[in-house]
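Undergrad: Next up is a structure, given as C-alpha cells.
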Amino acid sequence: MPSPASLPFRPTSLLFGGDYSPEQWPESTWVDDIRLMREAGVNTVTLGVFSWGLLEVDDDQWDWGWFDRITDLLADAEIDIDLATPTASPPIWLHRAHPEILPVDRRGIRYHQGGRLQWCPSHPVWQHHATRIVERLGDRYGSHPAVTLWHVSNELGGGNRRCYCDASTAAFRTWLEHRYERVDALNAAWGTAFWGHRYRTFDDVIAPLDSESAQNPSLLLDFDRFSSDALRDHYRLERDTLRATGVRAPITTNLMVSPHGSVADYAGWIDDLDVTAIDHYTIADDPHRERELSFVATRTRGLDASRPWLVMEHSTSAVNWQPRNPPKAPGEMTRNSLQHIAHGADGALFFQWRASASGAEQFHSAMVPHAGADTRQWREVVALGAALGRIGEVAGSLVQRSEVAIVTDDVSLWAWQAGQKPLHDHPLHLDARRWFEALAARGLGPDIVPPRSDLTGRALIVVPSLYLVDDATAASIRDAAHAGATVVVGPLSGIVDGDSRVRLGGYPGAFRDLLGIVGEELVPLLRDQRLLLSSGAEIVDISTRVRTTGAEVIDVHRGGDLDGSPAVTRHPTGSGSAWHLTGLIDAGFAEVVDRVVDDAGVRRRLPSSDQIEAVRRVADDASWLFLLNHGSTDAVVPARGHDLLSGATAEGRFALAAGAVAVIRE
Amino acid sequence: MPSPASLPFRPTSLLFGGDYSPEQWPESTWVDDIRLMREAGVNTVTLGVFSWGLLEVDDDQWDWGWFDRITDLLADAEIDIDLATPTASPPIWLHRAHPEILPVDRRGIRYHQGGRLQWCPSHPVWQHHATRIVERLGDRYGSHPAVTLWHVSNELGGGNRRCYCDASTAAFRTWLEHRYERVDALNAAWGTAFWGHRYRTFDDVIAPLDSESAQNPSLLLDFDRFSSDALRDHYRLERDTLRATGVRAPITTNLMVSPHGSVADYAGWIDDLDVTAIDHYTIADDPHRERELSFVATRTRGLDASRPWLVMEHSTSAVNWQPRNPPKAPGEMTRNSLQHIAHGADGALFFQWRASASGAEQFHSAMVPHAGADTRQWREVVALGAALGRIGEVAGSLVQRSEVAIVTDDVSLWAWQAGQKPLHDHPLHLDARRWFEALAARGLGPDIVPPRSDLTGRALIVVPSLYLVDDATAASIRDAAHAGATVVVGPLSGIVDGDSRVRLGGYPGAFRDLLGIVGEELVPLLRDQRLLLSSGAEIVDISTRVRTTGAEVIDVHRGGDLDGSPAVTRHPTGSGSAWHLTGLIDAGFAEVVDRVVDDAGVRRRLPSSDQIEAVRRVADDASWLFLLNHGSTDAVVPARGHDLLSGATAEGRFALAAGAVAVIRE
Amino acid sequence: MPSPASLPFRPTSLLFGGDYSPEQWPESTWVDDIRLMREAGVNTVTLGVFSWGLLEVDDDQWDWGWFDRITDLLADAEIDIDLATPTASPPIWLHRAHPEILPVDRRGIRYHQGGRLQWCPSHPVWQHHATRIVERLGDRYGSHPAVTLWHVSNELGGGNRRCYCDASTAAFRTWLEHRYERVDALNAAWGTAFWGHRYRTFDDVIAPLDSESAQNPSLLLDFDRFSSDALRDHYRLERDTLRATGVRAPITTNLMVSPHGSVADYAGWIDDLDVTAIDHYTIADDPHRERELSFVATRTRGLDASRPWLVMEHSTSAVNWQPRNPPKAPGEMTRNSLQHIAHGADGALFFQWRASASGAEQFHSAMVPHAGADTRQWREVVALGAALGRIGEVAGSLVQRSEVAIVTDDVSLWAWQAGQKPLHDHPLHLDARRWFEALAARGLGPDIVPPRSDLTGRALIVVPSLYLVDDATAASIRDAAHAGATVVVGPLSGIVDGDSRVRLGGYPGAFRDLLGIVGEELVPLLRDQRLLLSSGAEIVDISTRVRTTGAEVIDVHRGGDLDGSPAVTRHPTGSGSAWHLTGLIDAGFAEVVDRVVDDAGVRRRLPSSDQIEAVRRVADDASWLFLLNHGSTDAVVPARGHDLLSGATAEGRFALAAGAVAVIRE
C-alpha cells in the first residue's frame with residue numbers, strides 16, 4: 001500500500017557522498033566534516049544507518065537533539081540526506097530485553113548481541129520495535145527539506161540471511177501454505193515419498209535445522225525462497241510504515257547483488273524499490289576485479305532496465321573483511337566509480353565518510369582517511385567529486401539495450417548449492433561471468449537479465465549453467481529461438497524444474513526438445529581432469545553424455561569414455577537456432593563464442609577489448625560513450641565526440657592513457 | 001533367541017536387482033517397472049527401506065493397500081522380495097511427537113528431523129515405535145510367498161553411529177557394568193588415575209561429550225565399542241521381533257564394511273546374520289578403485305568364510321555424496337558386480353532401481369536412469385543381468401581358502417583414531433591394503449581376517465599396523481608362528497592392549513618376544529621426511545628405534561638419528577619365523593614382500609598381476625576361475641576350461657580383452 | 001596478603017627432575033622410581049598435579065595415606081618436593097555434582113567432564129572447592145621438610161583461557177566497572193557509537209559470545225585482559241590460601257610463555273610469583289626449534305631480569321599433541337635443557353617422570369620411557385643429571401644485561417588477533433623472532449622485554465610489529481631515543497592505543513612525531529606479492545604509504561603503486577635516532593639490521609653465529625660462557641676459561657663439536 005503521493009527518484013545531477021556517522025565524533029568535528037564535504041563536492045550523505053542506540057537510548061526513550069542539529073547543518077550546507085532507518089543495528093538494550101529476536105543458526109543455537117543485522121525478520125517482537133523507530137523517524141523527518149531519499153535498514157540479509165528460530169518456522173509454514181495451499185501439493189513438489197518424509201500438515205514442517213545427513217533439496221530451496229521473502233517483507237513493513245507517516249520521498253534499500261548467489265532473490269524485490277540501489281565491494285584477489293564490477297553493474301541494471309540506479313556503497317580503498325585487504329591503486333577508486341556510472345548508476349556513494357577509529361570496521365577505508373585530508377586518497381576523492389560534476393548531464397540516461405542477453409538467476413544458484421549434487425565444488429556462477437567477459441570484449445555490450453525478463457528482440461541469448469529452469473522460463477527461451485534468436489544452453493542448465501525436481505527423460509529436461517539432443521548421463525570430471533574435443537578444445541569440471549535427436553554436431557569428444565559423443569551441438573529451430581555445450585569448455589572457448597556470435601549475426605557496436613571497457617548511455621536526445629582503460633598501457637580507441645572529463649575532442653580516434661577514463665558526448 | 005525354524009539362505013541362482021521405492025512413483029509406473037525388471041532379468045528387489053512414513057501414516061494409523069498391491073505385483077512377476085523393515089527413516093510425525101529420539105552430537109546438541117538414521121538406538125521411545133512397525137510387517141508379510149529374505153533397517157550407524165544423549169549415557173553405564181562388573185576394574189582398565197579421573201560408581205561415567213581438551217583414549221574406545229553393540233542390539237531387537245511373529249525366511253542387515261574403520265565391529269555381528277550382506281561404493285578419486293573393492297570384498301568374505309555373501313547395494317554409476325561424482329566408465333559396473341561375485345558374493349544388488357527425481361539422493365545413479373531405458377547405461381544393466389544368468393551355477397560355492405592371511409580389525413583402527421597419538425594424520429589402514437595388493441598381484445589370493453580368526457594352516461600371516469592387540473590375538477599369532485607360519489608384524493602393531501593401554505617394556509609389547517626385538521622409541525617422521533635403509537629402501541611416516549634380542553637383522557637404517565638401528569628383522573621361532581618392519585617401507589616394499597613370501601614358501605596359484613585380478617570359487621565338485629582385466633590393454637592369461645560368459649574355451653592360454661571378464665569353469 | 005614470613009627461592013644447585021604421578025603406579029613401582037631418580041641425580045619432583053581425585057575421593061572425603069607415604073619416601077631419599085595444588089584437574093565427582101563450573105564456549109555451549117582445566121575461574125562454586133583442597137594441602141604439608149616449593153595448579157588457561165558463562169559475564173562487569181568507573185568511559189573507550197552499541201550500564205555488557213558478524217575489537221581485547229586477570233586472581237586465591245595456612249616456602253605457577261600470544265599477560269603476573277617458572281615444548285616442524293626455545297627463554301628472563309627462573313616442564317623427547325610428534329634427536333634434550341640454563345634457568349624439570357601407560361597423555365615422552373631404563377633415552381637422562389651437577393655453581397647467577405632490547409607484548413598480539421584487520425593471516429609475532437635471531441647471531445645477546453620495562457641504558461631498542469602501544473609505552477620509547485638510543489619501529493607498530501582505537505592523524509600514531517613521518521595508508525600485500533625497494537631489498541605481507549616530515553629516507557619503494565614512497569627512514573632525535581621500516585623486509589633484511597646496529601654503535605660481545613649460540617651468565621665474582629653448537633659440523637669458538645662439562649681448558653679458541661655444549665667458567 002505505497003502512497004500514490006510518493007515522489008519519483010529523478011536526480012538532476014549524479015549523487016556523490018557516503019554513509020555519515022556523526023555520532024561517532026564530537027560535534028566540533030561536524031564543522032570540519034561539512035567543510036570537507038563541500039570541498040569535495042559531496043551532495044548527498046546517508047545518515048542514521050547505525051544510529052538507533054543513540055536515538056532511542058532506552059525503551060521508548062528518545063534523544064533527537066543531536067540528530068536535529070546534524071540534519072539542519074546538512075540542510076544549511078545544501079547537502080541532501082539519504083535518511084536511513086537504523087534497523088540494521090538494534091540497540092544493546094533491545095537485545096538485553098528481548099534476546100528472542102536474535103537469529104538462530106541451523107544447529108538451533110541462538111546468536112548473541114554485539115554484531116549487526118542480529119534479528120529474525122519473522123519475529124513479532126522485532127517487528128514491533130522496528131516499526132516504532134521507523135514511525136518516529138517518518139513522523140519527525142518525513143517532511144524535512146533535506147531528506148530526498150529514504151534508505152530502509154541496511155544490507156538486509158547480511159548477517160540474518162536465514163534464521164531457524166521458532167518464529168521462522170511458524171512464518172515458513174504460513175509461507176508454504178500460501179505457496180502450496182494443500183500439504184499434498186507440498187509433498188508432491190518436494191518428493192517427500194523419498195525417505196518416507198511425508199508431512200501430514202504444514203505444521204509438520206520445520207526450518208531445515210541440521211539433521212546431520214543430507215536434506216531434501218526442495219525443502220532447502222523453499223526455505224531460501226522464504227528467507228528471501230521474509231527479508232523483503234521486512235523491507236515492505238518499513239516502507240509502508242514510512243509512507244503511512246506521510247513520507248513522499250522515494251524509498252529504497254541497498255541490495256547486495258553478487259555474482260555468486262545473492263542473499264535474496266532481488267529480481268522479486270525490484271518492484272518494491274523506488275530506485276534500485278546496490279552496495280559493491282571489489283575482491284582483492286580477483287585478478288580482474290574490474291570485470292567482476294562490470295558483471296555486477298550489468299546485472300544490476302538488468303534487474304530493471306527502465307531506470308537509472310545507485311551505488312549506495314562502495315569503498316574508496318581497502319575493506320576489512322577479506323583475508324588480506326590491500327588498498328585500491330591510485331586511480332582505481334575513480335575508475336570504479338565511473339564504471340558504475342557508465343553502467344547506468346546515477347550516483348556513486350561510499351561507505352563511509354570518515355574512517356572510524358573504533359568498532360568492528362575501524363580498518364574499513366573512507367572518504368576521509370585516518371590520516372586526514374592531507375593525503376593522496378583525499379585528493380583523489382576531491383578530484384572524483386569534480387569529475388562527477390563535469391558529467392552530471394548523464395543523470396537520467398540509460399544504458400543502450402543490447403541484442404545480446406545472458407540469463408542468470410539467484411534462485412538457480414541456490415538450488416545448485418542446496419543438497420547433494422554431481423559435483424560440490426563447482427562454482428556454477430563462473431560460467432555466466434566467462435560469457436559476459438567474452439561478449440563484452442567483442443564490443444557487444446551484453447545485458448544480464450533474470451529468467452522472467454522479456455527476451456523479445458534479443459538476437460543472442462546465452463543460458464550458462466542455469467541449473468533450475470521453471471516451465472515459464474523454458475517456454476520463453478524456446479519462443480525466442482523460434483522467433484529467430486540464437487540460443488546457447490550451457491552445461492548443467494535446465495536440469496531441474498522450479499521445485500528442484502530433476503526433469504526426467506534426458507538432460508537437460510527443460511531444453512531437450514529445443515536442442516534436439518538427449519543427455520543420458522552427467523559426467524563430472526575429477527579436478528585436473530580434462531576431456532579433449534575433436535576441434536582441439538578442452539572440457540573441464542563437467543560434461544554430459546548426449547545423443548542427438550535432430551541437432552547437428554559441431555564438436556565431439558575425442559578419446560576417453562565419451563569418445564565420439566557430441567560436445568557442441570546446434571539445432572535449427574523456427575527462425576533461430578539452439579546450441580548446446582555439453583561441458584565446460586576451457587581451451588577453445590573463444591572459438592565457440594565466435595561461432596555463436598557469428599550464427600546470431602550480432603555485430604560489434606562498442607570499441608571494447610580485453611583492456612578497454614566501453615559502455616554507452618543514451619537519452620532521448622543524446623548519447624555518451626564511457627571509455628575506461630583498465631590496462632597498464634596507453635590505447636587509442638575509435639570514438640567521436642567531446643570528452644566531458646578532459647575537455648578533449650575525439651575525431652574518430654581517441655587517445656586513452658593507461659588507467660584513464662573518458663566520457664564522450666557523441 | 002532366533003527361532004530354530006528359520007530357513008537358511010541358499011539361493012539357487014545369483015541375486016540381481018536393487019532397492020525399489022514404488023512409493024515415489026505413480027502406480028502406472030509400476031507396470032513399466034515390472035516390465036523392465038523382467039527385461040533385465042531382475043529376480044530380487046529390496047522393498048520398503050524408506051516406506052515407514054507411507055505405511056504408518058500417523059501414530060498407529062496404517063495404510064497397507066499400496067504395499068499389498070506392489071508385493072502381489074512382484075510375486076506375480078516371480079520377482080523375489082527382500083523385505084526391509086523401514087526403520088532407517090522414521091516418519092516425520094514420529095520426530096514431531098518424540099524429538100527426544102533424535103541423536104545428540106558430542107557437543108550435546110540434538111539433531112533435527114529431515115535426515116535418515118535419525119534415532120538413538122538406546123532410547124526406549126525409539127525402541128517402542130521401531131518394534132511396533134517391525135511386528136506389523138512380520139505379521140502381515142511373514143508368510144508372503146515372494147518374501148525370501150528380510151532386510152533389517154538399513155546401513156545401521158550411517159548417521160547415528162554415536163549418540164551422546166542421556167539415554168545413551170544410561171545404556172553406556174549398563175554396558176560398562178556388564179563389561180567390568182566393578183568400577184575399580186574400569187578405573188584400572190582406563191588408567192583413570194591419570195588426571196585424577198577416578199570414577200566412584202558407574203553412574204559417574206557419561207558419554208564422552210566434548211571436554212575441549214584431550215580425553216581418555218580407553219573411554220573413547222569403549223564408547224565406540226558400546227556404540228557398535230547398541231547398533232547390533234537394535235538389529236537383534238528387530239530380528240527377534242520378526243522371528244516372534246513367525247518369520248522363517250533368513251534375516252540380515254546391510255553392513256558398511258570399510259577399509260578405513262567401519263561404523264561397527266562387524267566381526268562381532270556376523271553370527272547374528274543369516275547371510276552376510278554389504279553395501280559398497282567405489283571412491284571416485286581412488287586411482288585403483290577396483291583394488292579397494294577387491295580389498296573390501298575379501299574382507300567381507302573373511303568375516304565368515306563358511307558361506308557366500310551378498311552385495312546388497314552398489315551403484316550402477318555415479319553416487320552423489322563425494323566431492324565430485326563421475327559416472328562409472330562403460331563396463332565398469334559390470335566388472336564391479338562380477339568382481340563381488342568372484343569374491344564369493346551370491347548376488348549383486350543395486351541402490352536403486354529407478355533414479356529419484358526428488359529428495360536427498362536425486363543424483364544417485366540407478367538401474368533405470370533419469371533418461372530412461374534408451375540409454376547406454378540401461379543396456380549395460382540388461383547385459384549384466386544376462387551375464388549373471390549365465391554364471392548362476394557358481395551360487396553356493398566359496399572362494400578357495402588361501403595360505404596367506406592379513407589380519408585387520410576395526411576396533412584397532414578406532415583405538416588409533418581415539419585420542420592423542422604419535423602422529424595424527426597417518427592413515428593406519430592403508431598398510432593392510434598395500435599388503436593385500438602386493439600379495440594379490442603375486443597370485444596368492446590372500447584372505448583378510450579378523451583377529452579372532454583361526455590361523456591354523458596359514459603359511460604367511462601379515463599383521464600390518466594392527467595397533468591394538470589383545471592377549472588372545474597375540475597368543476594366536478605367536479602360536480601360528482611356532483607351528484610353522486611366517487609372521488610379519490608391521491610398524492605400530494601390538495602397541496596397546498585390549499584396553500588401549502600401552503604395553504610396557506618395549507614396543508611392540510604384544511610381539512616383542514616373538515620378534516626378538518625391543519622397541520625403545522616410536523619415531524614419527526614429518527611429512528615428506530624419508531629415512532634411508534642400507535638396502536636402498538626408504539621409510540616414510542613412521543619408524544621405531546629398536547634393539548635386537550635374538551632377531552637377525554635384515555636391513556638397517558643408514559644415516560640420520562637412527563643410523564645403524566635395525567629396520568627389518570627376522571626371528572626364527574618354533575617351526576616358523578617372525579619378521580618385523582620397524583617402519584613404513586615405501587621404495588623397496590616389493591623386495592620385502594618377495595623376501596617374506598619366499599621365507600613362507602608360499603607359491604602363486606592364481607594368474608593375477610597388477611592388471612589381472614584372478615579369484616577362484618570352489619564347490620564340492622567344481623571350480624570356477626574368475627578373471628578380470630582391469631587394464632587398458634588386452635592380455636593373455638594362463639587358464640584351462642570353459643568361459644561361461646563368452647562361451648569360449650581356454651586351453652592353457654586365454655585371451656582377455658582390456659576391461660573384459662571371464663568366468664572359466666575349470 | 002602474602003605472608004611476610006615467606007622464604008625466598010634461592011637454590012644452591014640446579015633443579016633436576018620432573019612431574020611425578022605415583023598414583024598411576026602400584027606402590028611397588030615407587031621403590032624402583034626412587035632408585036632410578038637417585039641414579040639420575042634427580043633432586044626435585046613435582047608432586048600432586050593430577051592427584052585431587054585420589055586425595056579427595058568424594059565431596060570432603062579424604063585419602064591422605066598414599067600421599068603421606070610417597071612424600072616421606074621422597075624425603076627419605078633427599079629428593080625435594082615441588083608440591084602442586086591439584087586444581088588443574090578437578091575430580092569427576094565435582095563435575096557430576098557441579099557441572100555449572102565447567103567452561104562455556106563462545107557459542108554459549110558448556111563443555112563436559114573428561115578433560116583438564118575444566119573450570120571457570122570466576123565461578124563461586126569452583127572457588128569454594130578449589131580453596132578447600134588447597135587449604136587442606138597447606139595444613140597437612142605446609143611444614144613438611146621435603147616441600148621446598150609450591151606449584152599452584154598447572155598451566156592456568158590451558159583449556160580454560162576464556163569462559164563465556166554467566167559467572168564470567170558477572171565478573172567481567174565488575175572488572176569493567178573497576179577499569180572504567182563510569183559506563184560512559186567504557187562507551188568512549190570502545191567507540192560504541194559505532195553500530196549504535198551504546199551500553200546504558202555495565203549490566204548491559206556480556207561476555208563476547210558469538211554474534212555471527214564481526215565484533216568490537218576493544219570489547220574483545222578487554223575480555224582477553226579480564227580473562228587473563230581472572231586466571232591470575234585464581235592464582236592469587238590459591239597462593240593466599242596457602243600462605244594463610246602458614247606455608248613459608250616460595251610459591252609459583254608454571255606459565256606458558258609463547259612466542260605467538262600467551263594465554264595470559266604474564267608481565268602482569270610476575271610480581272605475584274616467588275620465582276618465574278615456565279613450561280616449554282619445542283615445535284617439531286619448526287626448522288629452527290632451538291631458536292624458538294632461545295626466544296622463549298630470553299623472553300622469560302625479560303619478564304623479571306632480577307632473578308633466575310625455572311623450566312618447570314619440558315620434554316625428554318616427543319610430545320603427543322602436535323600433528324606429528326617425532327622424538328628428539330640424540331643430544332637434543334641435553335642441549336634444550338642446557339639452553340634454558342644458559343638463559344638463566346636454575347633448573348630443568350620435565351613432564352614427566354615415568355611415561356603413562358594410559359590416559360590422554362600416554363604417548364607423551366618422560367624421563368623413564370615405556371621401554372624402561374635399558375634405553376638410549378634413559379642413559380641421556382642420567383648423563384644430563386650428571387652434567388647439571390657439574391655446572392651447579394651457576395645457580396643464582398643472572399644473564400648479562402644487553403645493550404639491545406626488543407619490545408614485545410602479549411596484549412598487543414591479542415589486540416591484533418581480535419576483530420577485523422588489514423590482513424588476517426599475518427603472524428605478527430614472527431617479526432620479533434626475526435629481529436631476535438638476527439641480533440643474537442651478531443653476538444649482541446639481545447634481551448626481550450615487555451613494554452613497561454625500564455629502557456634506560458639500552459643503546460638499541462627494536463619495536464617490531466608492536467601493534468598496540470599505550471601512551472606510557474610510547475613516551476618511554478621516545479624518551480629513550482631522546483636520551484641517545486637508536487630506536488627501530490617496524491611496520492604495524494603503534495597503530496592503536498591502549499583501548500585498541502586507531503591513533504588518528506597518520507600511522508603509526510604512537511610514533512609519528514618520533515619517526516618524522518606520516519603514514520597515509522596501510523598496504524597489505526596479497527600472498528606471494530613482493531614490493532621492490534631501491535636498494536634491491538624486498539617487502540612482503542605489509543607496507544605503508546608514508547610521507548616524511550623530517551626523516552631522512554634510507555630506502556624507497558621502486559615501481560608499483562608505492563613507487564618513490566619511503567620504505568626505510570631515519571630521524572635524528574635528541575641524542576639518538578628513530579628508524580622506521582614501513583614494511584616487512586624479506587630479502588635485504590640482514591643489511592637493514594647491520595645498518596641500525598651500526599647506527600646504534602653496539603658491538604659484538606658473544607661469539608654467536610647462525611650455528612653457535614653463546615650466552616653469558618654472571619655473578620658478583622664470576623661469569624660463565626655457555627656455548628651450544630646447534631649445527632651439524634664441528635666449530636672453533638673464541639673463548640677463554642675452563643669448561644665445567646668436559647673439563648677442558650679454553651685458551652682463546654675452543655673446539656666445540658657438532659651438537660656439543662660447553663660451560664666455560666671465565
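Here, A, B, ... name the chains of the C-alpha cells in the order displayed, residue numbers run from 1 inside each chain, and ligands are numbered from 1 in the same displayed order.
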Can you check which parts of chain C lie within 8 Å of chain A? Per residue, the shortest pair of atoms and distance in Å to one decimal, counting only C-alpha atoms, sorted by chain and number, as a tab-separated table.

TA:
residue	atom	partner	partner_atom	distance
C:Arg107	CA	A:Tyr111	CA	7.3
C:Trp190	CA	A:Ser358	CA	6.4
C:Gly191	CA	A:Ser358	CA	5.0
C:Thr192	CA	A:Gly359	CA	6.8
C:Ala193	CA	A:Gln24	CA	5.2
C:Phe194	CA	A:Gly359	CA	5.6
C:Trp195	CA	A:Phe50	CA	4.6
C:Gly196	CA	A:Gly53	CA	4.5
C:His197	CA	A:Ile92	CA	5.7
C:Arg198	CA	A:Gly53	CA	6.0
C:Tyr199	CA	A:Ile92	CA	6.4
C:Arg200	CA	A:Trp93	CA	7.5
C:Asp204	CA	A:Arg96	CA	6.8
C:Pro208	CA	A:Gly114	CA	7.3
C:Leu209	CA	A:His112	CA	5.9
C:Asp210	CA	A:His112	CA	5.8
C:Ser211	CA	A:His112	CA	4.6
C:Glu212	CA	A:Tyr111	CA	6.6
C:Ser213	CA	A:Gly115	CA	5.0
C:Ala214	CA	A:Ala360	CA	5.9
C:Gln215	CA	A:Ala360	CA	5.4
C:Asn216	CA	A:Ala360	CA	4.7
C:Pro217	CA	A:Ala360	CA	6.2
C:Ser218	CA	A:Gly359	CA	7.3
C:Gly419	CA	A:Ala360	CA	6.6
C:Gln420	CA	A:Asn320	CA	5.8
C:Lys421	CA	A:Asn320	CA	5.7
C:Pro422	CA	A:Asn325	CA	5.2
C:Leu423	CA	A:Arg324	CA	4.2
C:His424	CA	A:Pro323	CA	5.3
C:Asp425	CA	A:Pro323	CA	6.7
C:Ser500	CA	A:Ser358	CA	7.3
C:Arg501	CA	A:Ser358	CA	5.0
C:Val502	CA	A:Ala357	CA	4.7
C:Arg503	CA	A:Ala357	CA	7.1
C:Leu504	CA	A:His370	CA	5.2
C:Gly505	CA	A:Ala371	CA	4.1
C:Gly506	CA	A:Ala371	CA	3.9
C:Tyr507	CA	A:Ala371	CA	7.0
C:Val518	CA	A:Ala371	CA	7.8
C:Gly519	CA	A:Ala371	CA	7.1
C:Glu520	CA	A:Ala371	CA	5.4
C:Glu521	CA	A:Pro327	CA	7.6
C:Leu522	CA	A:Pro327	CA	7.4
C:Val523	CA	A:Pro326	CA	5.4
C:Pro524	CA	A:Pro326	CA	4.7
C:Leu525	CA	A:Pro326	CA	6.0
C:Leu526	CA	A:Arg324	CA	6.3
C:Asp561	CA	A:Ala329	CA	6.0

Undergrad: Just to be explicit: take each residue in the selection above, keep C-alpha atoms, and write the result as a PDB file, in the first residue's frame.

TA:
ATOM      1  CA  ARG C 107      28.604 -20.169  21.198  1.00  0.00           C
ATOM      2  CA  TRP C 190      35.297   1.153  22.930  1.00  0.00           C
ATOM      3  CA  GLY C 191      33.754   3.592  20.486  1.00  0.00           C
ATOM      4  CA  THR C 192      30.330   2.038  20.962  1.00  0.00           C
ATOM      5  CA  ALA C 193      28.733   4.752  18.886  1.00  0.00           C
ATOM      6  CA  PHE C 194      29.770   2.533  16.026  1.00  0.00           C
ATOM      7  CA  TRP C 195      26.817   0.329  15.146  1.00  0.00           C
ATOM      8  CA  GLY C 196      24.978   2.222  17.914  1.00  0.00           C
ATOM      9  CA  HIS C 197      26.115  -0.251  20.520  1.00  0.00           C
ATOM     10  CA  ARG C 198      25.880   2.106  23.432  1.00  0.00           C
ATOM     11  CA  TYR C 199      25.720   0.493  26.862  1.00  0.00           C
ATOM     12  CA  ARG C 200      23.371   2.082  29.405  1.00  0.00           C
ATOM     13  CA  ASP C 204      24.369  -4.283  29.514  1.00  0.00           C
ATOM     14  CA  PRO C 208      31.567 -11.580  23.765  1.00  0.00           C
ATOM     15  CA  LEU C 209      29.521 -14.610  22.848  1.00  0.00           C
ATOM     16  CA  ASP C 210      29.267 -15.249  19.139  1.00  0.00           C
ATOM     17  CA  SER C 211      27.207 -12.660  17.306  1.00  0.00           C
ATOM     18  CA  GLU C 212      27.956 -14.117  13.855  1.00  0.00           C
ATOM     19  CA  SER C 213      29.150 -10.842  12.403  1.00  0.00           C
ATOM     20  CA  ALA C 214      32.321  -9.072  13.468  1.00  0.00           C
ATOM     21  CA  GLN C 215      32.550  -7.707  16.981  1.00  0.00           C
ATOM     22  CA  ASN C 216      34.007  -4.644  18.602  1.00  0.00           C
ATOM     23  CA  PRO C 217      37.783  -5.179  18.860  1.00  0.00           C
ATOM     24  CA  SER C 218      38.026  -3.172  22.078  1.00  0.00           C
ATOM     25  CA  GLY C 419      38.430  -8.478  15.170  1.00  0.00           C
ATOM     26  CA  GLN C 420      38.862  -7.426  11.588  1.00  0.00           C
ATOM     27  CA  LYS C 421      42.250  -6.232  10.449  1.00  0.00           C
ATOM     28  CA  PRO C 422      44.029  -5.147   7.268  1.00  0.00           C
ATOM     29  CA  LEU C 423      45.290  -8.688   6.917  1.00  0.00           C
ATOM     30  CA  HIS C 424      44.099 -11.678   8.860  1.00  0.00           C
ATOM     31  CA  ASP C 425      46.666 -14.292   8.170  1.00  0.00           C
ATOM     32  CA  SER C 500      42.606  -0.611  20.539  1.00  0.00           C
ATOM     33  CA  ARG C 501      41.444   2.658  18.959  1.00  0.00           C
ATOM     34  CA  VAL C 502      43.249   3.681  15.816  1.00  0.00           C
ATOM     35  CA  ARG C 503      45.501   6.624  16.577  1.00  0.00           C
ATOM     36  CA  LEU C 504      44.326   9.232  14.091  1.00  0.00           C
ATOM     37  CA  GLY C 505      46.301  11.703  12.049  1.00  0.00           C
ATOM     38  CA  GLY C 506      48.624   9.304  10.264  1.00  0.00           C
ATOM     39  CA  TYR C 507      50.219   5.965  11.034  1.00  0.00           C
ATOM     40  CA  VAL C 518      53.203  10.364   8.426  1.00  0.00           C
ATOM     41  CA  GLY C 519      51.704   7.106   7.198  1.00  0.00           C
ATOM     42  CA  GLU C 520      48.755   7.687   4.936  1.00  0.00           C
ATOM     43  CA  GLU C 521      47.644   4.187   4.139  1.00  0.00           C
ATOM     44  CA  LEU C 522      48.431   0.651   5.274  1.00  0.00           C
ATOM     45  CA  VAL C 523      49.293  -1.508   2.285  1.00  0.00           C
ATOM     46  CA  PRO C 524      48.738  -5.213   2.891  1.00  0.00           C
ATOM     47  CA  LEU C 525      50.111  -7.323   0.079  1.00  0.00           C
ATOM     48  CA  LEU C 526      48.467 -10.356  -1.355  1.00  0.00           C
ATOM     49  CA  ASP C 561      51.683   1.740  -6.630  1.00  0.00           C
TER      50      ASP C 561
END

Undergrad: Quick one: residues within 12 Å of Ile278 (chain B), only C-alpha atoms, excluding same-chain residues fewer than 4 positions away - as a ChimeraX atom specification?

TA: /B:151,154-156,252-258,262,266,270,273,293,296-301,303,308-314,340,345-351

Undergrad: Those residues with C-alpha atoms, as a compact mmCIF listing (two decimals), in the first residue's frame please?

TA:
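Wrote result_15.txt, looks like this:
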# COMPACT_ATOMS: atom_id res chain seq x y z
CA HIS B 151 16.49 -56.78 5.48
CA ASN B 154 19.43 -50.03 6.52
CA GLU B 155 23.08 -49.11 6.96
CA LEU B 156 22.78 -49.03 10.74
CA THR B 252 20.17 -59.91 7.64
CA THR B 253 21.15 -56.28 7.51
CA ASN B 254 23.42 -54.45 5.12
CA LEU B 255 26.84 -53.78 6.63
CA MET B 256 29.09 -50.98 5.53
CA VAL B 257 32.42 -52.77 5.51
CA SER B 258 35.05 -50.10 5.08
CA SER B 262 33.72 -49.33 9.80
CA TYR B 266 31.09 -56.36 12.21
CA ILE B 270 28.29 -61.80 11.86
CA LEU B 273 23.15 -62.58 10.40
CA LEU B 293 36.61 -53.03 -3.99
CA VAL B 296 36.51 -54.85 0.84
CA ALA B 297 35.07 -57.94 -0.82
CA THR B 298 37.95 -60.03 0.51
CA ARG B 299 37.50 -58.58 3.94
CA THR B 300 33.78 -59.33 3.79
CA ARG B 301 34.23 -62.97 2.93
CA LEU B 303 34.15 -62.22 8.27
CA PRO B 308 28.59 -66.93 0.34
CA TRP B 309 27.54 -63.38 0.97
CA LEU B 310 25.59 -60.65 -0.77
CA VAL B 311 26.22 -57.22 -2.22
CA MET B 312 23.06 -55.60 -1.01
CA GLU B 313 23.88 -52.22 -2.53
CA HIS B 314 26.34 -50.95 -5.03
CA HIS B 340 31.99 -59.08 -5.98
CA ALA B 345 29.01 -62.92 -3.36
CA ASP B 346 25.89 -64.75 -4.44
CA GLY B 347 24.21 -61.68 -5.70
CA ALA B 348 24.76 -58.15 -6.91
CA LEU B 349 22.02 -55.74 -5.94
CA PHE B 350 21.94 -52.02 -6.51
CA PHE B 351 20.83 -48.89 -4.85

Undergrad: What lies within 9 Å of region 584-599 of chain B using only C-alpha atoms, ignoring chain neighbours under 5 positions off, as a VMD selection string?

TA: chain B and resid 431 435 438 to 439 460 486 to 488 490 to 491 535 to 543 568 577 579

Undergrad: Which residues are near Asn629 (chain B)? Cut-off 10 Å, only C-alpha atoms, ignore same chain within fewer than 6 positions. Put them as a ChimeraX atom specification.

TA: /B:335,608-614,635-637,656-662

Undergrad: Determine which residues of region 292-520 of chain B receive a DSSP assignment of helix (DSSP H, G or I), computed from the backbone, and state them as a VMD selection string.

TA: chain B and resid 292 to 303 332 to 342 376 to 390 392 to 394 410 to 417 430 to 441 471 to 482 512 to 515
